[in-house]
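See below for query16.csv, which holds CSV, C-alpha atoms.
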```csv
chain,number,residue,atom,x,y,z
E,1,MET,CA,12.9,-116.1,33.0
E,2,LEU,CA,14.4,-112.9,31.7
E,3,GLN,CA,12.5,-109.8,32.7
E,4,SER,CA,12.4,-106.6,30.7
E,5,GLN,CA,13.4,-103.4,32.3
E,6,ARG,CA,12.5,-99.9,31.0
E,7,THR,CA,15.4,-97.5,31.2
E,8,SER,CA,15.1,-93.8,30.7
E,9,PRO,CA,17.4,-92.2,28.2
E,10,GLU,CA,20.6,-90.8,29.7
E,11,LYS,CA,21.3,-87.1,29.6
E,12,ASN,CA,24.5,-87.5,27.6
E,13,ASN,CA,22.7,-89.7,25.1
E,14,LYS,CA,24.6,-92.8,25.6
E,15,LEU,CA,23.2,-96.2,24.6
E,16,SER,CA,21.2,-97.3,27.6
E,17,VAL,CA,22.7,-100.0,29.8
E,18,SER,CA,20.9,-101.9,32.5
E,19,THR,CA,21.3,-105.1,34.5
E,20,GLU,CA,18.2,-106.8,33.0
E,21,PRO,CA,17.5,-107.2,29.3
E,22,HIS,CA,15.0,-104.9,27.5
E,23,ILE,CA,12.9,-107.5,25.8
E,24,ARG,CA,11.0,-105.3,23.4
E,25,ASN,CA,14.1,-103.8,21.9
E,26,LEU,CA,15.9,-107.1,21.8
E,27,ILE,CA,13.0,-108.5,19.7
E,28,ALA,CA,13.4,-105.7,17.3
E,29,ALA,CA,17.1,-106.1,17.1
E,30,CYS,CA,16.8,-109.8,16.4
E,31,SER,CA,14.4,-109.0,13.6
E,32,ALA,CA,17.1,-106.7,12.1
E,33,ILE,CA,19.8,-109.3,12.3
E,34,THR,CA,17.5,-111.9,10.8
E,35,VAL,CA,17.1,-109.6,7.8
E,36,PHE,CA,20.8,-109.4,7.6
E,37,GLY,CA,21.3,-113.1,7.9
E,38,LEU,CA,18.7,-114.0,5.2
E,39,ALA,CA,20.2,-111.4,2.8
E,40,PHE,CA,23.7,-112.8,3.1
E,41,GLY,CA,22.7,-116.5,3.5
E,42,MET,CA,20.5,-116.5,0.4
E,43,THR,CA,22.2,-114.0,-1.9
E,44,TYR,CA,25.7,-115.3,-1.6
E,45,PRO,CA,25.0,-118.9,-2.8
E,46,LEU,CA,22.2,-117.9,-5.2
E,47,LEU,CA,24.3,-115.5,-7.2
E,48,SER,CA,27.5,-117.6,-7.0
E,49,LEU,CA,25.7,-120.7,-8.3
E,50,LEU,CA,24.0,-118.8,-11.1
E,51,LEU,CA,27.4,-117.5,-12.2
E,52,GLU,CA,29.0,-120.9,-11.9
E,53,ILE,CA,26.2,-122.5,-14.1
E,54,ARG,CA,26.8,-119.8,-16.7
E,55,GLY,CA,30.5,-120.7,-16.8
E,56,VAL,CA,31.9,-117.6,-15.2
E,57,ALA,CA,35.5,-118.1,-13.8
E,58,SER,CA,35.8,-118.6,-10.0
E,59,ASP,CA,38.1,-115.6,-9.6
E,60,VAL,CA,35.4,-113.4,-11.2
E,61,ILE,CA,32.7,-115.0,-9.0
E,62,GLY,CA,34.9,-114.2,-6.0
E,63,THR,CA,35.5,-110.6,-7.1
E,64,ASN,CA,31.8,-110.1,-7.6
E,65,ALA,CA,31.0,-111.5,-4.2
E,66,ALA,CA,33.6,-109.1,-2.7
E,67,MET,CA,31.5,-106.1,-3.7
E,68,MET,CA,29.1,-106.7,-0.8
E,69,PRO,CA,31.7,-106.6,1.9
E,70,LEU,CA,33.3,-103.7,0.1
E,71,GLY,CA,30.0,-101.9,0.6
E,72,ILE,CA,30.0,-102.8,4.3
E,73,LEU,CA,33.6,-101.4,4.6
E,74,VAL,CA,32.7,-98.1,3.0
E,75,CYS,CA,29.5,-97.6,4.9
E,76,SER,CA,30.4,-98.7,8.4
E,77,PRO,CA,32.4,-95.6,9.4
E,78,LEU,CA,29.5,-93.4,8.2
E,79,ILE,CA,26.8,-95.1,10.3
E,80,PRO,CA,27.1,-92.8,13.4
E,81,LEU,CA,26.5,-89.8,11.1
E,82,PHE,CA,23.5,-91.4,9.4
E,83,THR,CA,22.1,-92.3,12.8
E,84,ALA,CA,22.4,-88.8,14.1
E,85,ARG,CA,20.5,-87.5,11.0
E,86,LEU,CA,17.7,-90.1,10.8
E,87,GLY,CA,17.6,-91.9,14.1
E,88,SER,CA,18.6,-95.5,14.4
E,89,LYS,CA,15.1,-97.0,14.1
E,90,LYS,CA,14.2,-95.1,11.0
E,91,LEU,CA,17.6,-95.8,9.5
E,92,ALA,CA,17.3,-99.5,10.1
E,93,ILE,CA,13.8,-99.7,8.5
E,94,VAL,CA,15.0,-97.8,5.4
E,95,ALA,CA,18.1,-100.1,5.2
E,96,ALA,CA,16.0,-103.3,5.5
E,97,LEU,CA,13.5,-102.2,2.8
E,98,LEU,CA,16.4,-101.2,0.5
E,99,THR,CA,17.9,-104.7,1.0
E,100,ALA,CA,14.6,-106.3,-0.2
E,101,ILE,CA,14.3,-104.0,-3.2
E,102,ILE,CA,17.9,-104.7,-4.3
E,103,THR,CA,17.2,-108.4,-4.1
E,104,LEU,CA,14.5,-108.0,-6.8
E,105,LEU,CA,16.8,-105.8,-8.9
E,106,TYR,CA,19.3,-108.7,-9.3
E,107,LYS,CA,16.7,-110.4,-11.5
E,108,VAL,CA,15.6,-107.2,-13.3
E,109,PHE,CA,19.2,-106.4,-14.3
E,110,ASP,CA,20.3,-110.0,-14.8
E,111,HIS,CA,23.9,-109.4,-15.9
E,112,VAL,CA,27.2,-109.9,-14.0
E,113,SER,CA,28.4,-106.4,-14.7
E,114,VAL,CA,25.4,-104.8,-13.1
E,115,TRP,CA,25.6,-107.2,-10.1
E,116,PHE,CA,28.9,-105.6,-9.1
E,117,LEU,CA,27.1,-102.3,-8.4
E,118,LEU,CA,24.0,-104.0,-6.8
E,119,ARG,CA,26.1,-106.1,-4.5
E,120,PHE,CA,28.1,-103.0,-3.4
E,121,LEU,CA,24.8,-101.1,-2.7
E,122,GLN,CA,23.4,-104.1,-0.8
E,123,GLY,CA,26.5,-104.3,1.2
E,124,MET,CA,26.0,-100.7,2.3
E,125,SER,CA,22.3,-101.3,3.4
E,126,ILE,CA,23.3,-104.5,5.2
E,127,ALA,CA,26.1,-102.7,7.0
E,128,ILE,CA,23.6,-100.5,8.7
E,129,LEU,CA,21.6,-103.4,9.9
E,130,PHE,CA,24.8,-105.2,11.0
E,131,VAL,CA,26.1,-102.4,13.1
E,132,LEU,CA,22.9,-101.1,14.6
E,133,SER,CA,21.5,-104.5,15.5
E,134,GLU,CA,24.7,-105.6,17.2
E,135,ALA,CA,24.9,-102.4,19.2
E,136,TRP,CA,21.3,-103.0,20.3
E,137,ILE,CA,21.9,-106.6,21.2
E,138,ILE,CA,24.9,-105.8,23.3
E,139,GLY,CA,23.5,-102.7,24.9
E,140,PHE,CA,20.0,-104.0,25.7
E,141,ALA,CA,21.2,-107.5,26.8
E,142,GLY,CA,21.9,-106.2,30.3
E,143,ASN,CA,25.0,-107.1,32.3
E,144,LYS,CA,23.5,-110.1,34.1
E,145,HIS,CA,22.5,-112.1,31.0
E,146,ARG,CA,24.8,-110.8,28.3
E,147,GLY,CA,26.6,-114.1,27.6
E,148,LYS,CA,23.3,-116.0,27.2
E,149,VAL,CA,21.7,-113.3,25.1
E,150,VAL,CA,24.7,-112.9,22.8
E,151,ALA,CA,24.8,-116.7,22.3
E,152,LEU,CA,21.0,-116.8,21.4
E,153,TYR,CA,21.6,-113.9,19.1
E,154,ALA,CA,24.4,-115.8,17.3
E,155,SER,CA,22.2,-118.9,17.0
E,156,LEU,CA,19.4,-116.8,15.4
E,157,LEU,CA,21.9,-115.2,13.1
E,158,SER,CA,23.2,-118.6,12.1
E,159,ALA,CA,19.7,-119.9,11.6
E,160,SER,CA,18.9,-117.1,9.2
E,161,PHE,CA,22.2,-117.7,7.4
E,162,GLY,CA,21.4,-121.4,7.1
E,163,ALA,CA,17.8,-120.7,5.9
E,164,GLY,CA,19.1,-118.9,2.9
E,165,PRO,CA,21.1,-121.7,1.3
E,166,ALA,CA,18.5,-124.2,2.5
E,167,LEU,CA,15.9,-122.3,0.5
E,168,ILE,CA,18.2,-122.3,-2.5
E,169,GLY,CA,18.7,-126.0,-2.2
E,170,THR,CA,14.9,-126.6,-2.1
E,171,ILE,CA,13.6,-124.2,-4.7
E,172,GLY,CA,16.6,-124.0,-7.0
E,173,VAL,CA,18.3,-121.0,-8.6
E,174,GLU,CA,16.4,-120.5,-11.9
E,175,GLY,CA,13.6,-118.0,-12.6
E,176,TRP,CA,12.1,-115.3,-10.4
E,177,THR,CA,11.1,-117.5,-7.5
E,178,PRO,CA,14.2,-117.2,-5.3
E,179,PHE,CA,14.4,-113.5,-5.8
E,180,VAL,CA,10.8,-112.8,-5.1
E,181,LEU,CA,10.7,-115.1,-2.1
E,182,GLY,CA,13.9,-113.6,-0.6
E,183,ALA,CA,12.5,-110.0,-1.1
E,184,ALA,CA,9.2,-111.0,0.5
E,185,ILE,CA,10.8,-112.5,3.6
E,186,LEU,CA,13.1,-109.5,4.0
E,187,ALA,CA,10.1,-107.1,3.8
E,188,ILE,CA,8.1,-109.0,6.3
E,189,GLY,CA,11.1,-109.0,8.7
E,190,VAL,CA,10.9,-105.2,8.9
E,191,THR,CA,7.6,-105.2,10.9
E,192,PRO,CA,9.1,-105.8,14.4
E,193,LEU,CA,11.5,-102.9,13.9
E,194,PHE,CA,8.5,-100.6,14.5
E,195,LEU,CA,8.4,-102.0,18.1
E,196,MET,CA,11.8,-100.3,18.8
E,197,GLN,CA,11.7,-97.6,21.5
E,198,GLU,CA,13.5,-94.7,19.8
E,199,ASP,CA,14.3,-92.9,23.1
E,200,LEU,CA,16.4,-95.9,24.2
E,201,VAL,CA,18.4,-96.1,21.0
E,202,THR,CA,20.6,-93.0,21.1
E,203,THR,CA,24.3,-92.2,20.7
E,204,GLU,CA,26.5,-89.4,21.6
E,205,SER,CA,27.3,-86.6,19.2
E,206,THR,CA,29.3,-87.8,16.3
E,207,ALA,CA,32.0,-85.4,17.2
E,208,ASN,CA,32.8,-87.6,20.2
E,209,SER,CA,32.8,-90.8,18.2
E,210,THR,CA,35.9,-93.0,18.2
E,211,SER,CA,37.2,-93.6,14.7
E,212,PHE,CA,37.8,-97.0,13.3
E,213,LEU,CA,41.6,-96.7,13.5
E,214,ALA,CA,41.5,-95.2,17.0
E,215,PHE,CA,39.5,-98.1,18.3
E,216,ILE,CA,42.0,-100.8,17.2
E,217,PRO,CA,44.5,-100.3,20.0
E,218,LYS,CA,41.8,-100.7,22.6
E,219,ALA,CA,41.0,-104.3,21.6
E,220,PRO,CA,43.5,-105.5,19.0
E,221,MET,CA,42.8,-109.3,19.4
E,222,LEU,CA,39.1,-108.8,19.3
E,223,ILE,CA,39.6,-106.9,16.0
E,224,ALA,CA,41.9,-109.7,14.7
E,225,ALA,CA,39.3,-112.3,15.7
E,226,VAL,CA,36.6,-110.5,13.7
E,227,GLY,CA,38.9,-110.2,10.7
E,228,ALA,CA,39.7,-113.9,10.8
E,229,PHE,CA,36.0,-114.8,11.2
E,230,ALA,CA,35.1,-112.5,8.3
E,231,ILE,CA,37.5,-114.2,5.9
E,232,PHE,CA,36.1,-117.6,6.9
E,233,ASP,CA,32.5,-116.4,6.7
E,234,ALA,CA,32.7,-114.7,3.3
E,235,ALA,CA,34.9,-117.4,1.6
E,236,ALA,CA,32.6,-120.1,2.9
E,237,LEU,CA,29.3,-118.4,2.0
E,238,SER,CA,30.3,-117.3,-1.4
E,239,LEU,CA,32.5,-120.2,-2.6
E,240,PHE,CA,31.9,-123.4,-0.6
E,241,PRO,CA,29.1,-124.4,-2.9
E,242,ILE,CA,31.5,-123.9,-5.8
E,243,TYR,CA,34.1,-125.9,-4.0
E,244,GLY,CA,31.6,-128.7,-3.4
E,245,MET,CA,30.5,-128.8,-7.1
E,246,ARG,CA,34.1,-129.0,-8.2
E,247,ASN,CA,34.7,-132.0,-5.9
E,248,GLY,CA,31.8,-134.2,-6.9
E,249,LEU,CA,28.7,-132.6,-5.3
E,250,ASP,CA,25.6,-131.7,-7.3
E,251,VAL,CA,24.0,-128.2,-7.0
E,252,SER,CA,21.5,-129.2,-4.3
E,253,THR,CA,24.0,-131.1,-2.2
E,254,ALA,CA,26.5,-128.3,-2.4
E,255,ALA,CA,23.9,-125.9,-1.1
E,256,TRP,CA,23.0,-128.2,1.7
E,257,ALA,CA,26.7,-128.6,2.6
E,258,LEU,CA,26.9,-124.9,3.2
E,259,THR,CA,23.7,-125.2,5.3
E,260,ALA,CA,25.5,-127.9,7.4
E,261,LEU,CA,28.5,-125.6,7.9
E,262,ILE,CA,26.1,-123.0,9.3
E,263,LEU,CA,23.7,-125.3,11.1
E,264,GLY,CA,26.2,-126.3,13.8
E,265,ASN,CA,26.3,-122.7,14.9
E,266,VAL,CA,22.5,-122.8,15.5
E,267,PHE,CA,22.6,-125.6,17.9
E,268,LEU,CA,26.1,-125.4,19.4
E,269,GLN,CA,26.5,-121.6,19.9
E,270,TYR,CA,24.8,-121.5,23.3
E,271,PRO,CA,27.3,-124.0,24.8
E,272,ILE,CA,30.2,-121.8,23.4
E,273,GLY,CA,28.6,-118.7,25.0
E,274,TRP,CA,28.3,-120.6,28.3
E,275,LEU,CA,32.0,-121.6,28.1
E,276,ALA,CA,32.9,-117.9,27.4
E,277,ASP,CA,31.1,-117.0,30.7
E,278,LEU,CA,32.7,-119.8,32.6
E,279,PHE,CA,36.3,-119.6,31.4
E,280,SER,CA,38.6,-116.9,30.0
E,281,ALA,CA,37.2,-115.6,26.7
E,282,ARG,CA,40.7,-115.7,25.3
E,283,ARG,CA,41.0,-119.4,25.9
E,284,VAL,CA,37.6,-120.0,24.3
E,285,LEU,CA,38.6,-117.9,21.3
E,286,THR,CA,41.9,-119.9,21.0
E,287,ALA,CA,40.2,-123.3,21.3
E,288,CYS,CA,37.5,-122.4,18.7
E,289,ALA,CA,40.1,-121.1,16.2
E,290,ALA,CA,42.3,-124.2,16.7
E,291,VAL,CA,39.5,-126.7,16.2
E,292,THR,CA,38.2,-124.9,13.1
E,293,ALA,CA,41.7,-124.9,11.6
E,294,LEU,CA,42.1,-128.7,12.1
E,295,LEU,CA,38.7,-129.6,10.8
E,296,THR,CA,38.9,-127.4,7.7
E,297,LEU,CA,42.1,-129.1,6.8
E,298,SER,CA,40.2,-132.5,6.8
E,299,VAL,CA,37.6,-131.3,4.4
E,300,PRO,CA,39.4,-132.6,1.2
E,301,VAL,CA,39.5,-136.0,2.8
E,302,VAL,CA,35.9,-136.2,3.9
E,303,ILE,CA,34.2,-134.3,1.0
E,304,ASN,CA,31.5,-136.4,-0.7
E,305,THR,CA,31.5,-138.9,2.2
E,306,ILE,CA,29.2,-139.3,5.2
E,307,TRP,CA,31.9,-137.8,7.4
E,308,MET,CA,31.5,-134.5,5.6
E,309,TRP,CA,28.4,-133.7,7.5
E,310,PRO,CA,29.7,-133.9,11.1
E,311,VAL,CA,32.9,-132.2,10.1
E,312,LEU,CA,31.1,-129.3,8.6
E,313,ILE,CA,28.7,-128.9,11.5
E,314,VAL,CA,31.4,-128.8,14.1
E,315,ALA,CA,33.7,-126.6,12.0
E,316,GLY,CA,30.8,-124.2,11.5
E,317,ALA,CA,30.0,-124.0,15.2
E,318,THR,CA,33.6,-123.3,16.2
E,319,GLY,CA,34.3,-121.0,13.3
E,320,TYR,CA,31.4,-118.8,14.1
E,321,GLY,CA,32.1,-119.2,17.8
E,322,VAL,CA,35.1,-117.0,17.4
E,323,TYR,CA,32.8,-114.1,16.5
E,324,THR,CA,30.3,-114.9,19.3
E,325,THR,CA,33.1,-114.8,21.9
E,326,ALA,CA,34.6,-111.6,20.5
E,327,LEU,CA,31.1,-109.9,20.6
E,328,LYS,CA,30.5,-111.0,24.2
E,329,SER,CA,33.9,-109.6,25.2
E,330,LEU,CA,33.2,-106.3,23.5
E,331,GLY,CA,30.0,-106.0,25.6
E,332,ASP,CA,31.9,-106.9,28.8
E,333,ARG,CA,34.5,-104.2,28.2
E,334,PHE,CA,32.8,-101.2,26.6
E,335,THR,CA,29.6,-99.2,27.1
E,336,GLY,CA,28.1,-96.0,25.7
E,337,GLN,CA,29.8,-94.4,22.7
E,338,ASP,CA,32.7,-96.8,23.0
E,339,LEU,CA,30.3,-99.7,22.4
E,340,ILE,CA,28.8,-98.0,19.3
E,341,SER,CA,32.4,-97.3,18.0
E,342,GLY,CA,33.3,-100.9,18.7
E,343,THR,CA,30.4,-102.3,16.7
E,344,SER,CA,31.2,-99.9,13.9
E,345,ALA,CA,34.8,-101.0,14.0
E,346,PHE,CA,33.7,-104.6,14.0
E,347,GLY,CA,31.6,-103.8,10.9
E,348,ALA,CA,34.5,-102.1,9.1
E,349,VAL,CA,36.9,-104.9,9.9
E,350,TRP,CA,34.3,-107.5,8.8
E,351,GLY,CA,34.2,-105.6,5.5
E,352,VAL,CA,37.9,-105.8,5.1
E,353,GLY,CA,38.1,-109.5,6.1
E,354,ALA,CA,35.1,-110.5,4.0
E,355,LEU,CA,36.6,-108.6,1.0
E,356,LEU,CA,39.8,-110.6,1.4
E,357,GLY,CA,37.9,-113.8,2.0
E,358,ALA,CA,35.9,-113.6,-1.3
E,359,LEU,CA,38.9,-112.5,-3.3
E,360,LEU,CA,41.4,-115.0,-1.9
E,361,GLY,CA,38.9,-117.8,-1.8
E,362,GLY,CA,38.3,-117.5,-5.6
E,363,VAL,CA,42.1,-117.5,-6.2
E,364,ALA,CA,42.6,-120.4,-3.9
E,365,ILE,CA,40.1,-122.6,-5.8
E,366,GLU,CA,41.7,-121.7,-9.1
E,367,ILE,CA,45.1,-122.7,-7.7
E,368,SER,CA,43.8,-126.0,-6.3
E,369,SER,CA,40.1,-127.1,-6.6
E,370,THR,CA,40.6,-129.7,-3.9
E,371,PHE,CA,43.0,-128.2,-1.3
E,372,GLY,CA,42.9,-124.4,-2.0
E,373,LEU,CA,39.8,-123.2,-0.1
E,374,PRO,CA,40.2,-125.5,3.0
E,375,SER,CA,43.9,-124.6,3.2
E,376,LEU,CA,43.1,-120.9,3.1
E,377,LEU,CA,40.5,-121.2,5.9
E,378,ALA,CA,42.8,-123.3,8.1
E,379,ALA,CA,45.7,-120.9,7.6
E,380,VAL,CA,43.6,-117.9,8.7
E,381,TYR,CA,42.5,-119.4,11.9
E,382,ALA,CA,46.0,-120.9,12.6
E,383,VAL,CA,47.4,-117.4,12.4
E,384,LEU,CA,44.8,-116.2,14.8
E,385,VAL,CA,45.7,-119.0,17.3
E,386,CYS,CA,49.4,-117.9,17.1
E,387,GLY,CA,48.5,-114.3,17.7
E,388,LEU,CA,46.3,-115.1,20.7
E,389,LEU,CA,49.0,-117.3,22.2
E,390,ILE,CA,51.7,-114.7,21.7
E,391,ARG,CA,49.4,-112.0,23.1
E,392,ALA,CA,48.6,-114.1,26.2
E,393,ARG,CA,52.3,-114.6,27.0
E,394,SER,CA,53.2,-110.9,26.6
E,395,PRO,CA,54.5,-109.5,29.9
E,396,SER,CA,52.6,-106.3,29.3
E,397,VAL,CA,49.2,-108.0,28.8
E,398,SER,CA,47.1,-109.4,31.6
E,399,VAL,CA,44.7,-112.1,30.2
E,400,GLN,CA,42.4,-111.5,33.1
E,401,ALA,CA,42.3,-107.7,32.4
E,402,HIS,CA,41.6,-108.1,28.7
E,403,ASP,CA,39.2,-111.0,28.8
E,404,LYS,CA,37.2,-110.5,32.0
E,405,LEU,CA,37.1,-106.7,32.6
E,406,PRO,CA,34.2,-105.7,34.8
E,407,GLN,CA,31.3,-103.9,33.0
E,408,PRO,CA,31.9,-100.2,33.2
E,409,GLN,CA,29.0,-98.3,34.8
E,410,PRO,CA,27.2,-95.6,32.9
E,411,ASP,CA,27.9,-92.0,33.9
```

Before we go any further, please render this structure as structure tokens.
Amino acid sequence: MLQSQRTSPEKNNKLSVSTEPHIRNLIAACSAITVFGLAFGMTYPLLSLLLEIRGVASDVIGTNAAMMPLGILVCSPLIPLFTARLGSKKLAIVAALLTAIITLLYKVFDHVSVWFLLRFLQGMSIAILFVLSEAWIIGFAGNKHRGKVVALYASLLSASFGAGPALIGTIGVEGWTPFVLGAAILAIGVTPLFLMQEDLVTTESTANSTSFLAFIPKAPMLIAAVGAFAIFDAAALSLFPIYGMRNGLDVSTAAWALTALILGNVFLQYPIGWLADLFSARRVLTACAAVTALLTLSVPVVINTIWMWPVLIVAGATGYGVYTTALKSLGDRFTGQDLISGTSAFGAVWGVGALLGALLGGVAIEISSTFGLPSLLAAVYAVLVCGLLIRARSPSVSVQAHDKLPQPQPD
């Protein structure tokens, strides 16, 4: 059984790192990521399906969905500054409550033009939860159990993603019910954040922070993996229900199909994390990306058949497994302010990738309602596979050095 270990704050205000997990702070961090997952998992299909029912063009739906990752992209580099001003616990609580309020405002201002602004603002609030919770998860997981904790975190994130479209498939998209229910769940999820021990959640002065661009050369393939995952994630969440409806699925089945895509990650992420501990993380990354590319290519063949469900479950597990492995590698290689800078960079890159995913996904469906979206997702992961293979064969790069670096010790 994992034991919690209290750790005193370091004199230089780095994020605390210990061998054993700090259970209390991990619970609070998991609450924050659940808020994040529900907000994305429910809002994306809810708004996209409402716009589809109203006859809005898919490229406009994709552009509207892109406002949320755009907000993440804009906000992520500013999070160290916000944290220095408010403290990470208070900042996370404010962001979670704002996310709940904005969910209600979608119904109050029920027009696509206003939704562009609301989705941008919600992207900013979610970015704060995204960056802080991942820094907490990695930093408080402890060196000894990091792979297991990160895998459990990924499963929880996927479960919260999957709960969103599952709720939409159950209660429908009309009326106030989905908006009120979503806001209530998000507000309740704030409560465990008050358990966070503020003295253990500190970062160095923002003057010492590594910028987004400066971090890229430190872990280029991890950054590329996050970007590929973000395209896959945003395109699937915002547009797969639309893809399903245009290929013979009804509204409810389309929402459940998205749930199936996410559900595999809930149950199969732990084995992926275990493999990342057992083998080279680069090899696990490559395998996950390759399997996802092959399975997404098969979606036009299996759509609206019984084979659709296992294909979506496995593709979802391996597609999201790319991010799990990248996150685990980040925790293995970086500590302190580099870890905070890394999660901020991950958030910014996710914003760029998700923005592209929503925009390109809408265009892809317009080009071909049957082959467009699956081909886009397969191409993205195929490019990542090629990059990983080229990087692994580079004479100047040691796979061992980049994938299995020992955990640096705090000063």

For this session: Between atom CA of E:Arg119 and atom CA of E:Gly316, measure the distance and give it in Å to one decimal.
Result: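 One can read the atom CA of E:Arg119 to atom CA of E:Gly316 distance as 24.6 Å.
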
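Closest approach to E:Phe130 among E:Ser280, E:Ser76, E:Ser113, E:Thr103: E:Ser76, based on only C-alpha atoms.
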
Exercise. Which of these, E:Leu237, E:Ile79, E:Lys328, E:Ile27, has the shortest distance to E:Ile262 once you count all atoms listed in the file?
Worked result: E:Leu237

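Using only C-alpha atoms, the protein and nucleic acid residues lying no more than 8 Å from E:Leu38, apart from those fewer than 4 places from it along its own chain, are Thr34, Met42, Thr43, Ser160, Phe161, Ala163, Gly164, Gly182 and Leu186 of chain E.
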
Problem set entry | Atom pair atom CA of E:Val173 / atom CA of E:Leu47: separation (Å) |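 If I compute the distance from atom CA of E:Val173 to atom CA of E:Leu47, I get 8.3 Å.
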
For this session: Name all residues at most 8 Å from E:Ala290 (count only C-alpha atoms; drop same-chain ones fewer than 3 positions away) and give them as a list in words.
Result: Thr286, Ala287, Ala293, Leu294, Tyr381, Ala382 and Val385 of chain E

Problem set entry | Top pick for closest residue to E:Leu73, considering E:Ala214, E:Leu389, E:Leu355, E:Ala154 and counting all atoms listed in the file |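 Among E:Ala214, E:Leu389, E:Leu355, E:Ala154, it is E:Leu355 that comes nearest to E:Leu73.
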
For this session: Give as a list in words every residue, naming chains and numbers as the document does, that has an atom within 7 Å of (12.8, -110.1, 11.6), counting all atoms listed in the file.
Result: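 Residues found, by chain and rising number: Cys30, Ser31, Ala32, Thr34, Val35, Gly189, Val190 and Pro192 of chain E.
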
For this session: Extract, using all atoms listed in the file, all DNA, RNA and protein residues at most 12 Å from E:Ile53, discarding same-chain residues fewer than 2 positions from it, and format them as number ranges by chain.
Result: E: 45-51, 55-58, 61, 173-174, 241-242, 245-246, 250-251

For this session: In Å, rounded to a single decimal, give me how far atom CA of E:Asn265 is from atom CA of E:Asn247.
Result: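 The value is 24.3 Å.
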
For this session: Measuring atom to atom with only C-alpha atoms, identify which of E:Gly244, E:Pro69, E:Gly87, E:Gly264 is nearest to E:Thr318.
Result: E:Gly264

For this session: Name the residues in contact with E:Arg283 at a cut-off of 10 Å, using all atoms listed in the file, excluding same-chain residues fewer than 6 positions from it; report them as a PyMOL selection string.
Result: chain E and resi 275-276+289+325+385+388-389+392+399+403

Seminar exercise, completed: Nearest to E:Ser238, restricted to all atoms listed in the file and choosing among E:Lys107, E:Ala219, E:Ala255, E:Ser375, comes out as E:Ala255
